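Shown below: protein-v3.csv, with CSV, C-alpha atoms and all ligand atoms.
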```
chain,number,residue,atom,x,y,z
A,1,MET,CA,0.0,0.0,0.0
A,2,CYS,CA,2.7,2.5,1.0
A,3,GLY,CA,5.2,1.1,-1.4
A,4,TYR,CA,7.5,-0.2,1.3
A,5,PRO,CA,9.7,-2.8,-0.4
A,6,PHE,CA,9.3,-6.3,1.1
A,7,GLY,CA,12.5,-8.3,1.4
A,8,LEU,CA,11.2,-10.9,-1.1
A,9,GLU,CA,10.9,-10.5,-4.8
A,10,MET,CA,7.1,-10.5,-5.3
A,11,GLY,CA,7.1,-10.5,-9.1
A,12,THR,CA,4.3,-8.5,-10.8
A,13,ASP,CA,1.4,-10.8,-10.1
A,14,TYR,CA,0.0,-8.8,-7.1
A,15,SER,CA,-3.0,-11.2,-6.8
A,16,LEU,CA,-0.6,-13.7,-5.2
A,17,ILE,CA,0.0,-11.3,-2.4
A,18,GLY,CA,-3.7,-10.7,-1.9
A,19,GLU,CA,-4.6,-8.2,0.8
A,20,SER,CA,-1.4,-8.3,2.7
A,21,ALA,CA,0.2,-5.0,3.7
A,22,CYS,CA,3.3,-3.9,5.6
A,23,GLY,CA,3.1,-3.5,9.3
A,24,ALA,CA,2.6,0.2,9.2
A,25,CYS,CA,-0.2,0.0,6.6
A,26,GLN,CA,-2.0,-2.5,8.8
A,27,ASN,CA,-1.8,-0.2,11.8
A,28,VAL,CA,-2.9,3.1,10.2
A,29,LYS,CA,-5.7,4.3,8.0
A,30,ARG,CA,-4.3,5.8,4.8
A,31,SER,CA,-6.1,8.3,2.6
A,32,PHE,CA,-4.4,7.1,-0.5
A,33,THR,CA,-5.0,3.8,-2.2
A,34,LYS,CA,-1.5,3.0,-3.2
A,35,ALA,CA,1.9,4.6,-3.3
A,36,VAL,CA,4.8,3.6,-5.5
A,37,SER,CA,8.4,4.8,-5.9
A,38,ALA,CA,10.9,4.1,-8.6
A,39,LEU,CA,14.2,4.1,-6.7
A,40,ARG,CA,15.5,3.7,-3.2
A,41,TYR,CA,16.8,6.9,-1.6
A,42,ASP,CA,20.5,6.5,-0.7
A,43,ASP,CA,23.7,8.5,-0.7
A,44,ASP,CA,24.0,8.4,-4.5
A,45,SER,CA,20.4,9.5,-5.1
A,46,ARG,CA,20.7,12.2,-2.5
A,47,GLN,CA,23.1,14.1,-4.8
A,48,MET,CA,20.6,13.9,-7.7
A,49,ILE,CA,17.7,15.1,-5.6
A,50,ILE,CA,19.7,18.0,-4.1
A,51,GLY,CA,20.7,19.1,-7.6
A,52,PHE,CA,17.1,18.8,-8.8
A,53,LYS,CA,15.7,20.6,-5.9
A,54,HIS,CA,18.1,23.4,-5.2
A,55,HIS,CA,20.6,23.8,-8.1
A,56,ASP,CA,18.5,24.0,-11.3
A,57,ARG,CA,19.4,20.5,-12.4
A,58,LEU,CA,16.1,20.3,-14.2
A,59,GLU,CA,17.4,18.0,-16.8
A,60,TYR,CA,16.7,15.2,-14.3
A,61,ALA,CA,13.0,15.8,-14.8
A,62,LYS,CA,12.9,13.8,-18.0
A,63,TYR,CA,14.8,10.9,-16.5
A,64,PHE,CA,12.7,10.9,-13.3
A,65,SER,CA,9.5,11.1,-15.3
A,66,ASN,CA,10.6,8.1,-17.4
A,67,LEU,CA,11.2,6.2,-14.2
A,68,LEU,CA,7.8,7.1,-12.9
A,69,LYS,CA,6.1,6.1,-16.1
A,70,PHE,CA,7.6,2.6,-15.6
A,71,ALA,CA,7.1,2.3,-11.8
A,72,ALA,CA,3.6,3.8,-11.7
A,73,ALA,CA,2.3,2.4,-15.0
A,74,ASP,CA,-0.8,0.8,-13.5
A,75,LEU,CA,-1.6,3.9,-11.4
A,76,ILE,CA,-1.2,6.2,-14.4
A,77,GLU,CA,-3.7,4.1,-16.4
A,78,LYS,CA,-6.3,4.7,-13.7
A,79,SER,CA,-5.7,8.4,-13.1
A,80,ASP,CA,-7.8,11.3,-14.4
A,81,LEU,CA,-5.6,14.1,-13.1
A,82,ILE,CA,-2.0,14.6,-12.2
A,83,VAL,CA,-1.3,16.9,-9.2
A,84,PRO,CA,2.1,17.8,-7.6
A,85,VAL,CA,2.7,18.2,-3.9
A,86,PRO,CA,2.8,22.0,-3.6
A,87,LEU,CA,5.3,24.3,-2.0
A,88,HIS,CA,4.2,27.2,0.1
A,89,ASN,CA,4.3,30.5,-1.8
A,90,ARG,CA,7.1,31.9,0.4
A,91,ARG,CA,9.2,28.8,-0.2
A,92,LEU,CA,8.4,29.0,-3.9
A,93,ILE,CA,9.8,32.5,-4.1
A,94,GLN,CA,13.0,31.4,-2.4
A,95,ARG,CA,13.5,28.4,-4.6
A,96,ARG,CA,12.0,29.8,-7.8
A,97,TYR,CA,10.4,26.5,-8.8
A,98,ASN,CA,8.6,23.6,-7.3
A,99,GLN,CA,10.6,20.5,-8.2
A,100,SER,CA,7.5,18.3,-7.8
A,101,ALA,CA,5.6,20.4,-10.2
A,102,VAL,CA,8.4,20.3,-12.8
A,103,LEU,CA,8.2,16.5,-12.5
A,104,SER,CA,4.4,16.3,-12.7
A,105,GLN,CA,4.3,18.6,-15.7
A,106,MET,CA,6.7,16.4,-17.6
A,107,LEU,CA,4.8,13.2,-16.6
A,108,ALA,CA,1.5,14.8,-17.6
A,109,ARG,CA,2.9,15.8,-21.0
A,110,GLU,CA,4.2,12.3,-21.7
A,111,THR,CA,1.1,10.5,-20.5
A,112,HIS,CA,-1.5,13.0,-21.9
A,113,ILE,CA,-3.2,13.2,-18.5
A,114,ARG,CA,-4.5,16.6,-17.4
A,115,HIS,CA,-2.1,18.5,-15.2
A,116,GLU,CA,-3.4,20.8,-12.4
A,117,PRO,CA,-0.3,22.3,-10.6
A,118,GLN,CA,-2.4,24.9,-8.7
A,119,LEU,CA,-5.1,22.5,-7.5
A,120,LEU,CA,-3.5,21.8,-4.1
A,121,GLN,CA,-2.3,24.6,-2.0
A,122,ARG,CA,0.0,24.6,1.0
A,123,THR,CA,-1.5,26.8,3.6
A,124,LYS,CA,1.2,26.3,6.3
A,125,ASN,CA,4.8,27.1,5.6
A,126,THR,CA,6.2,24.1,7.3
A,127,PRO,CA,10.0,23.9,8.0
A,128,PRO,CA,12.0,21.5,5.8
A,129,GLN,CA,11.4,18.0,6.9
A,130,GLN,CA,13.5,17.4,10.0
A,131,GLY,CA,13.1,15.9,13.4
A,132,ASN,CA,11.5,12.6,14.4
A,133,ILE,CA,8.6,11.0,12.7
A,134,ASN,CA,5.9,12.3,15.0
A,135,LYS,CA,7.1,15.8,14.7
A,136,ARG,CA,7.2,15.7,10.9
A,137,SER,CA,3.7,14.3,10.9
A,138,LEU,CA,2.4,17.1,13.1
A,139,ASN,CA,4.1,19.7,11.0
A,140,VAL,CA,2.2,18.9,7.9
A,141,ARG,CA,-1.2,18.1,9.5
A,142,GLY,CA,-3.8,20.4,7.9
A,143,ALA,CA,-1.1,22.1,5.8
A,144,PHE,CA,-2.9,21.5,2.5
A,145,LYS,CA,-6.2,22.4,0.9
A,146,VAL,CA,-7.8,22.2,-2.5
A,147,SER,CA,-8.3,25.6,-4.1
A,148,ASN,CA,-11.9,26.6,-4.4
A,149,ARG,CA,-11.8,27.2,-8.1
A,150,HIS,CA,-10.5,23.7,-8.7
A,151,LYS,CA,-12.9,21.8,-6.5
A,152,HIS,CA,-15.3,21.0,-9.3
A,153,LEU,CA,-12.5,19.2,-11.2
A,154,ILE,CA,-11.9,16.4,-8.7
A,155,LYS,CA,-15.4,15.2,-7.8
A,156,GLU,CA,-15.3,11.4,-8.2
A,157,LYS,CA,-12.0,11.5,-10.0
A,158,SER,CA,-8.8,9.5,-9.5
A,159,ILE,CA,-5.9,11.7,-8.7
A,160,LEU,CA,-2.2,10.9,-9.2
A,161,LEU,CA,-0.2,12.8,-6.6
A,162,ILE,CA,3.5,13.4,-7.5
A,163,ASP,CA,6.4,14.2,-5.1
A,164,ASP,CA,10.1,13.7,-5.4
A,165,VAL,CA,10.7,11.7,-2.2
A,166,TYR,CA,8.5,9.6,0.1
A,167,THR,CA,10.0,9.8,3.6
A,168,THR,CA,7.5,9.2,6.3
A,169,GLY,CA,4.4,9.4,4.1
A,170,ALA,CA,3.1,12.3,6.3
A,171,THR,CA,3.2,14.8,3.4
A,172,VAL,CA,1.4,12.7,0.8
A,173,GLU,CA,-1.1,11.5,3.5
A,174,ASN,CA,-2.1,15.0,4.3
A,175,CYS,CA,-2.4,15.9,0.6
A,176,ALA,CA,-4.5,12.8,0.0
A,177,LYS,CA,-6.7,13.6,2.9
A,178,ALA,CA,-7.4,17.1,1.5
A,179,LEU,CA,-8.1,15.7,-1.9
A,180,LYS,CA,-10.5,13.1,-0.6
A,181,HIS,CA,-12.2,15.6,1.7
A,182,ALA,CA,-12.8,17.8,-1.4
A,183,GLY,CA,-14.5,14.9,-3.2
A,184,ALA,CA,-11.8,12.9,-5.0
A,185,GLU,CA,-12.8,9.3,-5.4
A,186,GLU,CA,-9.3,7.9,-5.1
A,187,VAL,CA,-5.7,9.2,-4.6
A,188,PHE,CA,-2.6,7.4,-5.9
A,189,VAL,CA,0.9,8.5,-5.0
A,190,ALA,CA,4.0,8.2,-7.1
A,191,THR,CA,7.4,9.4,-6.0
A,192,VAL,CA,10.8,9.1,-7.6
A,193,PHE,CA,12.5,8.1,-4.4
A,194,ARG,CA,11.6,6.1,-1.3
A,195,VAL,CA,13.4,6.4,2.0
A,196,VAL,CA,13.7,2.8,3.2
A,197,SER,CA,14.4,2.8,6.9
A,198,PRO,CA,13.4,0.3,9.5
A,199,GLN,CA,11.5,3.1,11.3
A,200,GLN,CA,8.0,3.4,9.8
A,201,ARG,CA,5.4,6.0,10.4
A,202,LYS,CA,2.8,4.9,12.8
B,1,ZN,ZN,2.9,-0.2,3.8
```
Show me the file's structure as structure tokens.
Amino acid sequence: MCGYPFGLEMGTDYSLIGESACGACQNVKRSFTKAVSALRYDDDSRQMIIGFKHHDRLEYAKYFSNLLKFAAADLIEKSDLIVPVPLHNRRLIQRRYNQSAVLSQMLARETHIRHEPQLLQRTKNTPPQQGNINKRSLNVRGAFKVSNRHKHLIKEKSILLIDDVYTTGATVENCAKALKHAGAEEVFVATVFRVVSPQQRK
């Protein structure tokens, strides 16, 4: 459900796994149906993501979007709209671009799915993700909303939410919650990277 990789190679026939989920997914209620990531986040990928996020290495967008097309193929097929995790306006001015929106735009262009980069808004300027898992989760609680003028677009629709890294899942969970609350039928999540640590969000 959350995309946490099992130790076993499961192949692609998910029906064999049935309804089984990782420990964290069995313990918490998630607002998204399924999350997938293309790559494990490690020391090597950290350099790529820092370049992409902070140093205008936007040429990675094409590569990342190709990875997502492959990793999230079954989710893309079921999605009506592609939406990025938003930055707060103040952060956007500092950074000049939202790396998730650059990525979602590229993916939307390649998949011919409608892209709505302004649909989700970040209402709280949360500090960069730091601290323990509970603190991170509190930081982003209620930090997102669907803009009023976009609400009519998501009624009973399946939304594909895009971010660069899945860390604790708190950010995408809160985005998904806002989307569902505003009437979305289903929310899928695709991120390029997945932090794989033994400590899972509870
Ligand atoms: Zn899980």
Task: atom CA of Asp43 of chain A to atom CA of Val140 of chain A, distance in Å rounded to a single decimal - done: 25.4 Å
- [ ] Give me the residues within 7 Å of segment 62-75 of chain A as number ranges by chain, counting only C-alpha atoms and dropping any in the same chain fewer than 3 places off.
- [x] A: 36-38, 59, 78-79, 103, 106-107, 188, 190, 192
- [ ] May I ask you to write as a PyMOL selection string all residues lying at most 8 Å from ligand ZN 1 (chain B), with all atoms listed in the file counted?
- [x] chain A and resi 1-4+21-26
Open item on the list: Could you check which residues have any atom within 6 Å of (-4.9, 23.9, 1.8), counting only C-alpha atoms with coordinates taken straight from the file, and then list them as a ChimeraX atom specification?
Closed with: /A:121-123,143-146
- [ ] Would you mind reading off the distance between atom CA of Arg194 of chain A and atom CA of Asp80 of chain A, one decimal, in Å?
- [x]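 One can read the atom CA of Arg194 of chain A to atom CA of Asp80 of chain A distance as 24.0 Å.
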Open item on the list: Report, in Å with one decimal, the straight-line distance from atom CA of Leu161 of chain A to atom CA of Arg46 of chain A.
Closed with: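 The value is 21.3 Å.
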TODO: Considering only C-alpha atoms, state which residue in the set A:Phe6, A:Leu120, A:His152, A:His55 is at the smallest distance from Arg95 of chain A.
DONE: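 Using only C-alpha atoms, the shortest distance to Arg95 of chain A belongs to A:His55.
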Task: Residue with smallest distance to Lys29 of chain A - pool A:Lys124, A:Arg149, A:Lys177, A:Arg114, counting only C-alpha atoms - done: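 For Lys29 of chain A, the nearest of the given residues is A:Lys177.
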Task: Residue nearest Leu81 of chain A - candidates A:Ser197, A:Asn27, A:Ser45, A:Ser158, atoms counted: only C-alpha atoms - done: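 Among the listed residues, A:Ser158 lies closest to Leu81 of chain A.
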Would you compute an axis-aligned box for segment 78-92 of chain A, covering every atom listed for it in the file with 3 Å of margin on each side, and report centre and edge lengths in Å to one decimal as lines of an AutoDock Vina configuration file?
```
center_x = 0.7
center_y = 18.3
center_z = -7.0
size_x = 23.0
size_y = 33.2
size_z = 20.8
```
- [ ] Point out the residue among A:Ile76, A:Ile93, A:Ile49, A:Leu153 with the least atom-to-atom distance to Val165 of chain A, counting only C-alpha atoms.
- [x]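 Going through A:Ile76, A:Ile93, A:Ile49, A:Leu153 one by one, the smallest distance to Val165 of chain A is for A:Ile49.
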Open item on the list: Nearest residue to Ala184 of chain A out of A:Tyr97, A:Phe32, A:Tyr60, A:Tyr166, using all atoms listed in the file?
Closed with: A:Phe32
